[in-house]
Amino acid sequence: MITHTQVLILGAGPAGLAAALYAARADLNPLVLTGPELGGQVSITYMVENYPGFPEGVEGPALVQRFKEQAEKFGARLVLDTAVAVDFSQRPFRVQATKTTYTADTVIVATGATAKTLGVAGEDELVGMGVSYCATCDGHFFKGMDIVVVGGGDSALEEALFLTRYANTVTIIHRRDQLRAGPLLQKRAREHPKIRFLLDTVVTEILGEDMVEGVRLRHVPSGETRDHPTAGVFIFIGYHPNTDLFTGQLALDERGYIVTDKFTRTSVPGVFAAGEVADSRYRQVITSAGMGAAAAMEVVHFLSG
């Protein structure tokens with residue numbers, strides 16, 4: 001079976017749902033393939049306190065549900081299906097999903113990015129309960145507490161420095177004997193009174209029942225293990241943009257993010273990209289939603305041009 005639509009949106013995180021809302025309000029009757037998880041990363045965020053309009057904060061899943069309901073109110077169609085292959089070589093574009101084949105006059109790619117995980121015991125179970133991949137989202141919850149940051153690159157040190165405004169201490173854990181971050185960031189981190197370092201060290205387990213209580217560490221050269229108490233584990237070892245599907249179809253940068261111009265246009269006319277699939281810098285709910293809205297407005301211009 002083949003289903004045709006004017007606007008096909010791949011992904012149902014903040015970018016995809018904002019795009020769906022704007023496209024629906026433009027009477028384009030957009031169709032959204034949600035992928036495996038409605039809401040993307042925000043759906044596993046316990047509390048979002050930096051999204052405008054919610055001064056008391058809002059739970060991530062609840063915010064996603066409101067995005068969804070608003071988009072559907074104006075006519076967006078959400079389908080629980082996942083794209084597995086695309087052909088952007090000619091219009092209408094063709095997208096093969098697990099259940100159906102779709103053709104579309106325009107496509108908005110909003111498949112997001114996935115934080116790299118440690119893959120250790122306790123990590124999945126304690127996400128949102130002390131395990132976090134976003135300092136801006138969750139740092140506020142750790143006022144006066146001792147926390148750890150895992151990673152040694154620019155992102156890890158930038159986030160560690162940000163977290164010092166809340167935490168009592170921030171201990172940076174890195175598996176090598178030297179950090180990978182730039183010299184200036186290293187200097188700032190080493191000079192900060194709240195930041196400590198555990199190099200040549202890896203996390204082998206995250207400890208706790210309902211909340212994070214500590215991490216089990218292994219010193220790489222000696223193999224010695226010990227437990228380190230902490231209230232939070234912030235993991236910054238990189239992100240995977242969810243772009244494997246678009247290799248050879250769209251221009252990607254050296255890190256795999258979709259290349260767009262300032263109008264969310266990709267290398268293929270009629271295909272647009274929004275949110276973390278094209279944003280390696282900000283990665284916030286509000287910036288992703290803004291990009292999704294912009295992409296939908298560009299679709300309107302494209303179809304009417």
# chains A, B, ... in the order shown; residues from 1 in each chain; ligands from 1
call {"tool": "residues_around", "arguments": {"residues": "Thr114 (chain A)", "least_positions_apart": "6", "cutoff": "9 Å", "atoms": "only C-alpha atoms", "output": "ChimeraX atom specification"}}
result
/A:40-41,238-242,276
call {"tool": "residues_around", "arguments": {"residues": "Pro269 (chain A)", "least_positions_apart": "5", "cutoff": "12 Å", "atoms": "only C-alpha atoms", "output": "CSV table (one decimal) with N, CA and C atoms, in the first residue's frame"}}
result
chain,number,residue,atom,x,y,z
A,88,PHE,N,15.2,10.3,-2.1
A,88,PHE,CA,15.0,11.7,-2.3
A,88,PHE,C,15.5,12.1,-3.7
A,89,SER,N,15.7,11.1,-4.6
A,89,SER,CA,16.3,11.4,-5.9
A,89,SER,C,15.3,12.1,-6.8
A,90,GLN,N,14.0,12.0,-6.6
A,90,GLN,CA,13.0,12.7,-7.4
A,90,GLN,C,11.7,12.9,-6.6
A,91,ARG,N,10.9,13.8,-7.0
A,91,ARG,CA,9.6,14.1,-6.4
A,91,ARG,C,8.5,13.4,-7.2
A,92,PRO,N,7.5,12.9,-6.5
A,92,PRO,CA,7.4,12.9,-5.0
A,92,PRO,C,8.4,12.0,-4.4
A,93,PHE,N,8.9,12.4,-3.2
A,93,PHE,CA,9.8,11.6,-2.5
A,93,PHE,C,9.2,10.3,-2.0
A,105,ASP,N,5.2,15.3,-1.3
A,105,ASP,CA,5.7,16.4,-2.1
A,105,ASP,C,6.9,17.1,-1.3
A,106,THR,N,6.8,17.1,0.0
A,106,THR,CA,7.9,17.7,0.8
A,106,THR,C,8.1,16.8,2.0
A,107,VAL,N,9.3,16.8,2.6
A,107,VAL,CA,9.6,16.1,3.8
A,107,VAL,C,10.4,17.0,4.8
A,108,ILE,N,10.0,16.8,6.0
A,108,ILE,CA,10.7,17.5,7.1
A,108,ILE,C,11.4,16.4,7.9
A,249,GLN,N,21.7,10.4,0.6
A,249,GLN,CA,20.5,11.0,0.2
A,249,GLN,C,20.6,12.5,0.4
A,250,LEU,N,21.2,12.9,1.6
A,250,LEU,CA,21.3,14.3,1.9
A,250,LEU,C,22.8,14.6,2.3
A,251,ALA,N,23.2,15.8,2.2
A,251,ALA,CA,24.6,16.2,2.6
A,251,ALA,C,24.6,16.2,4.1
A,260,THR,N,22.2,22.1,6.7
A,260,THR,CA,21.1,23.0,6.3
A,260,THR,C,21.6,24.4,6.2
A,261,ASP,N,20.8,25.2,5.4
A,261,ASP,CA,21.1,26.6,5.4
A,261,ASP,C,20.3,27.3,6.5
A,263,PHE,N,17.6,28.6,6.5
A,263,PHE,CA,16.2,28.4,6.3
A,263,PHE,C,15.7,27.0,6.5
A,264,THR,N,16.5,26.2,7.1
A,264,THR,CA,16.3,24.7,7.3
A,264,THR,C,16.3,23.9,6.1
A,298,GLU,N,8.8,27.1,5.9
A,298,GLU,CA,9.5,27.0,4.6
A,298,GLU,C,8.8,26.1,3.7
A,299,VAL,N,8.2,25.0,4.2
A,299,VAL,CA,7.4,24.1,3.4
A,299,VAL,C,6.3,24.8,2.7
A,301,HIS,N,6.1,28.0,1.9
A,301,HIS,CA,6.7,28.8,0.8
A,301,HIS,C,7.0,27.9,-0.4
A,302,PHE,N,7.6,26.8,-0.1
A,302,PHE,CA,8.1,25.9,-1.2
A,302,PHE,C,6.9,25.4,-2.0
A,303,LEU,N,5.8,25.0,-1.3
A,303,LEU,CA,4.7,24.4,-2.0
A,303,LEU,C,3.9,25.5,-2.8
call {"tool": "closest_residue", "arguments": {"among": "A:Leu33, A:Arg281, A:Leu163, A:Asp124", "to": "Thr100 (chain A)", "atoms": "only C-alpha atoms"}}
result
A:Leu33
call {"tool": "closest_residue", "arguments": {"among": "A:Ala274, A:Val203, A:Ile147, A:Ala104", "to": "Ala296 (chain A)", "atoms": "only C-alpha atoms"}}
result
A:Ala274
call {"tool": "atom_distance", "arguments": {"atom1": "CA of Val79 (chain A)", "atom2": "CA of Thr98 (chain A)"}}
result
11.3 Å
call {"tool": "closest_residue", "arguments": {"among": "A:Thr266, A:Thr225, A:Thr3, A:Thr247", "to": "Thr103 (chain A)", "atoms": "only C-alpha atoms"}}
result
A:Thr3
call {"tool": "atom_distance", "arguments": {"atom1": "CA of Thr243 (chain A)", "atom2": "CA of Ala113 (chain A)"}}
result
8.3 Å
call {"tool": "residues_around", "arguments": {"residues": "region 132-146 of chain A", "least_positions_apart": "4", "cutoff": "8 Å", "atoms": "only C-alpha atoms", "output": "ChimeraX atom specification"}}
result
/A:47-50,115,127-128,159-160,162-163,166-171,230-236
call {"tool": "write_last_selection", "arguments": {"atoms": "C-alpha atoms", "output": "mmCIF file, in the first residue's frame"}}
result
data_model
loop_
_atom_site.group_PDB
_atom_site.id
_atom_site.type_symbol
_atom_site.label_atom_id
_atom_site.label_comp_id
_atom_site.auth_asym_id
_atom_site.auth_seq_id
_atom_site.Cartn_x
_atom_site.Cartn_y
_atom_site.Cartn_z
ATOM 1 C CA MET A 47 11.046 17.743 34.599
ATOM 2 C CA VAL A 48 11.470 20.542 32.033
ATOM 3 C CA GLU A 49 11.887 23.892 33.780
ATOM 4 C CA ASN A 50 13.223 26.044 30.941
ATOM 5 C CA ALA A 115 23.088 10.645 23.460
ATOM 6 C CA VAL A 127 17.582 7.869 33.765
ATOM 7 C CA GLY A 128 15.674 10.851 35.124
ATOM 8 C CA GLU A 159 28.656 21.217 30.958
ATOM 9 C CA ALA A 160 30.760 20.659 34.079
ATOM 10 C CA PHE A 162 27.784 25.111 33.830
ATOM 11 C CA LEU A 163 26.888 22.670 36.606
ATOM 12 C CA TYR A 166 24.271 24.557 41.155
ATOM 13 C CA ALA A 167 26.359 21.709 42.561
ATOM 14 C CA ASN A 168 28.542 21.688 45.628
ATOM 15 C CA THR A 169 31.262 19.764 43.766
ATOM 16 C CA VAL A 170 31.599 18.439 40.221
ATOM 17 C CA THR A 171 33.957 15.509 39.699
ATOM 18 C CA THR A 230 27.214 10.969 44.194
ATOM 19 C CA ALA A 231 23.704 12.342 43.757
ATOM 20 C CA GLY A 232 23.919 12.732 39.995
ATOM 21 C CA VAL A 233 25.680 11.293 36.963
ATOM 22 C CA PHE A 234 25.885 13.568 33.926
ATOM 23 C CA ILE A 235 27.097 11.719 30.849
ATOM 24 C CA PHE A 236 28.680 13.685 28.007
#
call {"tool": "select_by_dssp", "arguments": {"residues": "region 59-106 of chain A", "states": "strand (DSSP E)", "output": "NGL selection string"}}
result
:A and (77-79 or 83-87 or 93-97 or 101-106)
call {"tool": "closest_residue", "arguments": {"among": "A:Leu198, A:Ala289, A:Ile237, A:Ile173", "to": "Lys116 (chain A)", "atoms": "only C-alpha atoms"}}
result
A:Ile237
call {"tool": "closest_residue", "arguments": {"among": "A:Gly182, A:Gly305, A:Gly292, A:Pro55", "to": "Leu21 (chain A)", "atoms": "only C-alpha atoms"}}
result
A:Gly292
call {"tool": "residues_around", "arguments": {"residues": "Glu125 (chain A)", "least_positions_apart": "4", "cutoff": "10 Å", "atoms": "only C-alpha atoms", "output": "PyMOL selection string"}}
result
chain A and resi 121+129+131+206+208-212
call {"tool": "write_last_selection", "arguments": {"atoms": "C-alpha atoms", "output": "mmCIF file, in the first residue's frame"}}
result
data_model
loop_
_atom_site.group_PDB
_atom_site.id
_atom_site.type_symbol
_atom_site.label_atom_id
_atom_site.label_comp_id
_atom_site.auth_asym_id
_atom_site.auth_seq_id
_atom_site.Cartn_x
_atom_site.Cartn_y
_atom_site.Cartn_z
ATOM 1 C CA ALA A 121 24.356 -1.534 34.904
ATOM 2 C CA MET A 129 16.439 9.723 38.668
ATOM 3 C CA VAL A 131 21.273 10.008 35.441
ATOM 4 C CA ILE A 206 25.651 3.291 38.572
ATOM 5 C CA GLY A 208 21.046 3.232 43.641
ATOM 6 C CA GLU A 209 17.521 1.901 43.918
ATOM 7 C CA ASP A 210 15.028 4.680 43.209
ATOM 8 C CA MET A 211 17.646 7.453 42.924
ATOM 9 C CA VAL A 212 21.340 7.601 42.094
#
call {"tool": "atom_distance", "arguments": {"atom1": "CA of Leu78 (chain A)", "atom2": "CA of Thr101 (chain A)"}}
result
15.1 Å
call {"tool": "select_by_dssp", "arguments": {"residues": "region 113-155 of chain A", "states": "alpha helix (DSSP H)", "output": "list in words"}}
result
Ala135, Thr136, Cys137, Asp138, Asp154 and Ser155 of chain A
call {"tool": "write_last_selection", "arguments": {"atoms": "N, CA and C atoms", "output": "PDB file, in the first residue's frame"}}
result
ATOM      1  N   ALA A 135      22.833  19.020  31.039  1.00  0.00           N
ATOM      2  CA  ALA A 135      23.055  19.867  32.211  1.00  0.00           C
ATOM      3  C   ALA A 135      22.058  21.016  32.267  1.00  0.00           C
ATOM      4  N   THR A 136      21.766  21.621  31.118  1.00  0.00           N
ATOM      5  CA  THR A 136      20.829  22.742  31.081  1.00  0.00           C
ATOM      6  C   THR A 136      19.448  22.311  31.548  1.00  0.00           C
ATOM      7  N   CYS A 137      19.065  21.080  31.181  1.00  0.00           N
ATOM      8  CA  CYS A 137      17.737  20.577  31.557  1.00  0.00           C
ATOM      9  C   CYS A 137      17.643  20.261  33.040  1.00  0.00           C
ATOM     10  N   ASP A 138      18.677  19.636  33.586  1.00  0.00           N
ATOM     11  CA  ASP A 138      18.552  19.006  34.895  1.00  0.00           C
ATOM     12  C   ASP A 138      19.454  19.565  35.993  1.00  0.00           C
ATOM     13  N   ASP A 154      35.196  18.694  24.921  1.00  0.00           N
ATOM     14  CA  ASP A 154      34.709  20.059  25.119  1.00  0.00           C
ATOM     15  C   ASP A 154      33.334  20.082  25.778  1.00  0.00           C
ATOM     16  N   SER A 155      32.424  19.230  25.298  1.00  0.00           N
ATOM     17  CA  SER A 155      31.063  19.230  25.853  1.00  0.00           C
ATOM     18  C   SER A 155      31.070  18.888  27.330  1.00  0.00           C
TER      19      SER A 155
END
call {"tool": "residues_around", "arguments": {"residues": "Tyr51 (chain A)", "least_positions_apart": "5", "cutoff": "9 Å", "atoms": "only C-alpha atoms", "output": "PyMOL selection string"}}
result
chain A and resi 57-58+285-286
call {"tool": "closest_residue", "arguments": {"among": "A:Ser222, A:Gly13, A:Val215, A:Leu245", "to": "Val86 (chain A)", "atoms": "only C-alpha atoms"}}
result
A:Leu245
call {"tool": "residues_around", "arguments": {"residues": "Lys99 (chain A)", "least_positions_apart": "3", "cutoff": "12 Å", "atoms": "only C-alpha atoms", "output": "list in words"}}
result
Met1, Ile2, Thr3, Leu33, Gly35, Val79, Leu80, Asp81, Thr82, Ala83, Val84, Ala85, Val95, Gln96 and Tyr102 of chain A
